[in-house]
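S.K.: Provided herewith is a single structure, encoded as structure tokens, for subsequent inquiry.
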Amino acid sequence: MEQLKVDFNKVIESLKLSEKSINSRKENLNQFVENGFPNKRVEDWKFSDLNQIISSNIENLRFHTDFEISEIDETTFIDKFAHNKIIFLNGVISKVDFSSEDDTKVLITRDLNQNENSKEVNSLVSLNNALITSYIRVTVKENYSMNEPLIIYNITTKELKSTAINLKTDIVLEKNSSLKLIDLFDDSSENNFINIVQNFDIAQDAILKNYKIDHKKNSNIKYSYNNINLEKNSISENFIFSTGSKFIKNEINCNLNDEYSSAFINGIINLTNSQHHEIKTNINHLAENTKSYQLIKSVLNENAKGIYQGKIYVDSKAQKTNGYQLSKALLLSENTEFDGKPELEIYADDVKCSHGATSGNLDEDAIFYLMSRGLSNQQSKELLIKGFLLDAVEKITDIEIKDLIKNMIGITE
Amino acid sequence: MLTIKDLKANIDNKEILKGLNLEIKPGEVHAIMGPNGSGKSTLSNVLSGKKGYTVTGEVKYFNENLLDLEIEERAHKGIFLAFQYPLEIPGVNTNIFLKTSLNAIKKAKGEKELDAIEFLKLVKQKAGELKFDEKILSRQLNVGFSGGEKKKNEILQMSILNPKLSILDETDSGLDIDALKIVSEGVNALRSKESSFLIITHYQRLLEYIKPDFVHVLINGQIVKSGGSELALELEKKGYESLS
Ligand SMILES: Nc1ncnc2c1ncn2[C@@H]1O[C@H](COP(=O)(O)OP(=O)(O)OP(=O)(O)O)[C@@H](O)[C@H]1O
Ligand SMILES: [Mg+2]
């Protein structure tokens, strides 16, 4: 923690901040210092003891970087379709490119003094408030649909080691606007802690599609906290492709604040070795006629651990809520662990809510069927695993991005 | 091509095949009939290499010990089982499965694999011959297929893979009269001096379309009687009662 205080002062010195903002950062720092990294005694973290995970994977964690890298490896860019770009390079924004959009319709702010602290829902969000050095807010104006998707590249290079980096983006969608956003991780670094906060304000009739892709194998530890506010008749679609990092916890808190708003969260956890990934969702139905749908498919090999904690909360005002959640896990070795914790908390009486969960191994009879047609055992299993994952991928409504993810999984059609 | 000697198969300490003998020569069609639970599907599973059975006895396939071969090796060497209950495989596209299967076998035989276009041409032709709606092949393997469509899909696979020994486990059950005729034509089209068939059925009618060289009666894990095609007619009249 001594290192943290020293690094905190370095961060403050490196930024031009108002007195007020410095004070609020100090408060947030103190909150983090008091609580530390969440451990398994914290209910939300009982399946993922982050404190333990960080201490056993990262030696001498630092909270400040002073080197600069300007070269970006262009091969990491997606070349299948044109897109807008925001590039975080080792936690620092190194490029912002919205050249194919109308610049009166898409507003970008990078002024740290305009950043408002995120609500301190846990010590990691406090840490993020205290330490962010780069900030970006994207506002899509009323009635504007972005011409191209936006890809936020989170790139880390091998120079980055044993460091905590804190990123934050705010996305504001005004009435009847729309945005497709891909958060794409590309890590060549090892043993860092990457702490991301994203806020989404989605106004009436607006549509957000957000795809989170953690695809490239790496030894980093990540936490991604997403807070989504949905107004009347708006839609949020999330897809989480969770397969690259040593550890990642994707947490989504989603407030359905007004009538006819809906939230879709689908995802895939596909792990080997001793990877450990968690998806945690909180869907708060706070108004009538709101809808939520979640489908999470997990494939665990070797010693991997997967967790899905999904909570659906229905307020007493939220009559005619429709909430659905399903988790299916394939456990391909005896040493894997899958923990599912579905939770329904319902205070309205006229609602349709359900949840389900299955877990098991591949069907031996299905393997026999495929092998009897000449496929090897390995080929048969791969085909069945891809088949198992397919229906989650099919939930992606954007064709280009669906194809991109299918490609990454190796599903060809 | 296939010689079975004193074949026994146990599962969960239960003896199901109890010393079965059978010889199939190239080009022959053998039919097996027998009451429910007598071991017909078990025989087809054991011949295709399904795991879970304790098997003793000898099965020679050409000059190899069939029982030593892996499931997929048997497929590569020309053994094909049309399943009594074809499995539904969610998320696996039927066409992709067919192509993977055909190319796996071609590769094992050292033949040139088919590219997408050659494959589609072949499938189109075979599906056409079987009056099998091609659109079905872009769907997930057997998922939501009607009973008859699943059976036709088995025969389609058989005609694409062109096996040496085809085992048809009650392929006729669940087929309508027209489909039965089409499927039989499919089988007859594959009949040749080199390819043999083992046809499991409960109904004499199939054997009117596919005339067998031999009919065997399997009761309680053993072949208790063998004869020509007239035996099927006799069984239809008298039932199995008189034989057991
Ligand atoms: N896994 C198993 N465990 C225990 N008994 C089994 C198992 N599989 C099959 N059997 C039994 O073996 C016997 C033979 O089954 P099999 O499926 O071979 O019969 P069949 O001749 O194909 O019957 P049908 O005409 O109804 O298809 C049956 O009594 C069946 O219950
Ligand atoms: Mg049977």
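We label chains A, B, ... in the order they appear in the structure tokens, count residues from 1 in each chain, and number ligands from 1 in the order shown.
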As a quick test: using only C-alpha atoms and all ligand atoms, which residues lie no more than 12 Å away from ligand 2? Give them as a PyMOL selection string.
M.R.: chain B and resi 32-45+82-86+167-171+173+199-202+218
S.K.: Chain B residues within 7 Å of chain A, counting only C-alpha atoms: which ones, as a compact mmCIF listing (two decimals) with N, CA and C atoms, in the first residue's frame?
M.R.:
# COMPACT_ATOMS: atom_id res chain seq x y z
N SER B 48 -19.63 -51.46 -35.12
CA SER B 48 -19.14 -50.10 -35.43
C SER B 48 -18.17 -49.58 -34.39
N LYS B 50 -18.72 -49.05 -30.90
CA LYS B 50 -19.20 -48.26 -29.77
C LYS B 50 -18.58 -48.75 -28.46
N ILE B 71 -13.25 -46.60 -33.65
CA ILE B 71 -14.52 -46.32 -34.33
C ILE B 71 -14.29 -45.69 -35.71
N GLU B 72 -13.45 -44.62 -35.71
CA GLU B 72 -13.29 -43.89 -36.98
C GLU B 72 -12.49 -44.70 -37.99
N GLU B 73 -11.59 -45.59 -37.49
CA GLU B 73 -10.84 -46.43 -38.44
C GLU B 73 -11.79 -47.37 -39.17
N ALA B 75 -14.84 -46.74 -39.87
CA ALA B 75 -15.51 -45.92 -40.89
C ALA B 75 -14.59 -45.71 -42.09
N HIS B 76 -13.31 -45.43 -41.80
CA HIS B 76 -12.36 -45.21 -42.90
C HIS B 76 -12.24 -46.45 -43.77
N LEU B 87 -28.86 -39.45 -34.01
CA LEU B 87 -28.80 -38.44 -32.96
C LEU B 87 -29.00 -37.03 -33.49
N ILE B 89 -27.79 -33.34 -33.33
CA ILE B 89 -26.56 -32.67 -32.91
C ILE B 89 -26.75 -31.16 -33.07
N PRO B 90 -27.13 -30.49 -32.01
CA PRO B 90 -27.40 -29.05 -32.10
C PRO B 90 -26.16 -28.27 -32.48
N GLY B 91 -26.35 -27.25 -33.29
CA GLY B 91 -25.26 -26.33 -33.61
C GLY B 91 -24.32 -26.83 -34.69
N VAL B 92 -24.54 -28.06 -35.17
CA VAL B 92 -23.66 -28.58 -36.22
C VAL B 92 -24.44 -28.63 -37.53
N SER B 101 -17.08 -35.36 -42.77
CA SER B 101 -17.09 -36.82 -42.74
C SER B 101 -16.49 -37.40 -44.02
N ALA B 104 -12.79 -36.68 -44.20
CA ALA B 104 -12.02 -37.47 -43.23
C ALA B 104 -11.76 -38.86 -43.80
N ILE B 105 -12.79 -39.43 -44.41
CA ILE B 105 -12.64 -40.78 -44.96
C ILE B 105 -11.73 -40.77 -46.19
S.K.: Set the distance at 9 Å and use only C-alpha atoms: which residues neighbour segment 242-252 of chain A once local chain neighbours fewer than 6 positions away are removed? I'd like the list as a PyMOL selection string.
M.R.: chain A and resi 48+53+185+187+191+212-228+265+267-272+274-283+307
S.K.: Within 10 Å of Gly174 of chain B, counting only C-alpha atoms, which residues show up once you throw out same-chain ones fewer than 3 positions away? Write them as a ChimeraX atom specification, please.
M.R.: /B:146-151,170-171,177,179-180
S.K.: Expressed in Å to a single decimal, how great is the separation between atom CA of Ile78 of chain A and atom CA of Ile396 of chain A?
M.R.: 17.8 Å
S.K.: Which neighbours of Leu112 of chain A fall inside 9 Å, counting only C-alpha atoms, when residues of the same chain fewer than 6 positions from it are skipped, and could you give them as a ChimeraX atom specification?
M.R.: /A:15-17,132-136
S.K.: For the selection you just gave me, I'd like the residues written to a file as a PDB file, in the first residue's frame, keeping N, CA and C atoms.
M.R.:
ATOM      1  N   LEU A  15      -1.005  15.210 -13.688  1.00  0.00           N
ATOM      2  CA  LEU A  15      -2.243  15.683 -14.303  1.00  0.00           C
ATOM      3  C   LEU A  15      -2.569  17.090 -13.796  1.00  0.00           C
ATOM      4  N   LYS A  16      -3.218  17.893 -14.652  1.00  0.00           N
ATOM      5  CA  LYS A  16      -3.651  19.222 -14.191  1.00  0.00           C
ATOM      6  C   LYS A  16      -5.083  19.082 -13.692  1.00  0.00           C
ATOM      7  N   LEU A  17      -5.231  19.000 -12.389  1.00  0.00           N
ATOM      8  CA  LEU A  17      -6.560  18.752 -11.850  1.00  0.00           C
ATOM      9  C   LEU A  17      -6.996  19.888 -10.945  1.00  0.00           C
ATOM     10  N   ILE A 132      -7.468   7.188 -12.467  1.00  0.00           N
ATOM     11  CA  ILE A 132      -7.495   7.253 -13.933  1.00  0.00           C
ATOM     12  C   ILE A 132      -6.678   8.430 -14.453  1.00  0.00           C
ATOM     13  N   THR A 133      -5.958   8.153 -15.528  1.00  0.00           N
ATOM     14  CA  THR A 133      -5.124   9.194 -16.125  1.00  0.00           C
ATOM     15  C   THR A 133      -5.657   9.572 -17.509  1.00  0.00           C
ATOM     16  N   SER A 134      -6.445   8.681 -18.101  1.00  0.00           N
ATOM     17  CA  SER A 134      -7.053   8.983 -19.392  1.00  0.00           C
ATOM     18  C   SER A 134      -8.552   8.823 -19.254  1.00  0.00           C
ATOM     19  N   TYR A 135      -9.275   9.716 -19.876  1.00  0.00           N
ATOM     20  CA  TYR A 135     -10.723   9.649 -19.795  1.00  0.00           C
ATOM     21  C   TYR A 135     -11.280   9.978 -21.168  1.00  0.00           C
ATOM     22  N   ILE A 136     -12.330   9.291 -21.535  1.00  0.00           N
ATOM     23  CA  ILE A 136     -12.986   9.689 -22.788  1.00  0.00           C
ATOM     24  C   ILE A 136     -14.491   9.494 -22.673  1.00  0.00           C
TER      25      ILE A 136
END
S.K.: Pull the strand (DSSP E or B) assignments for segment 45-237 of chain B out of DSSP run on the backbone, and list those residues as a PyMOL selection string.
M.R.: chain B and resi 54-61+64-65+79-82+93+140+165-169+196-200+214-219+222-227
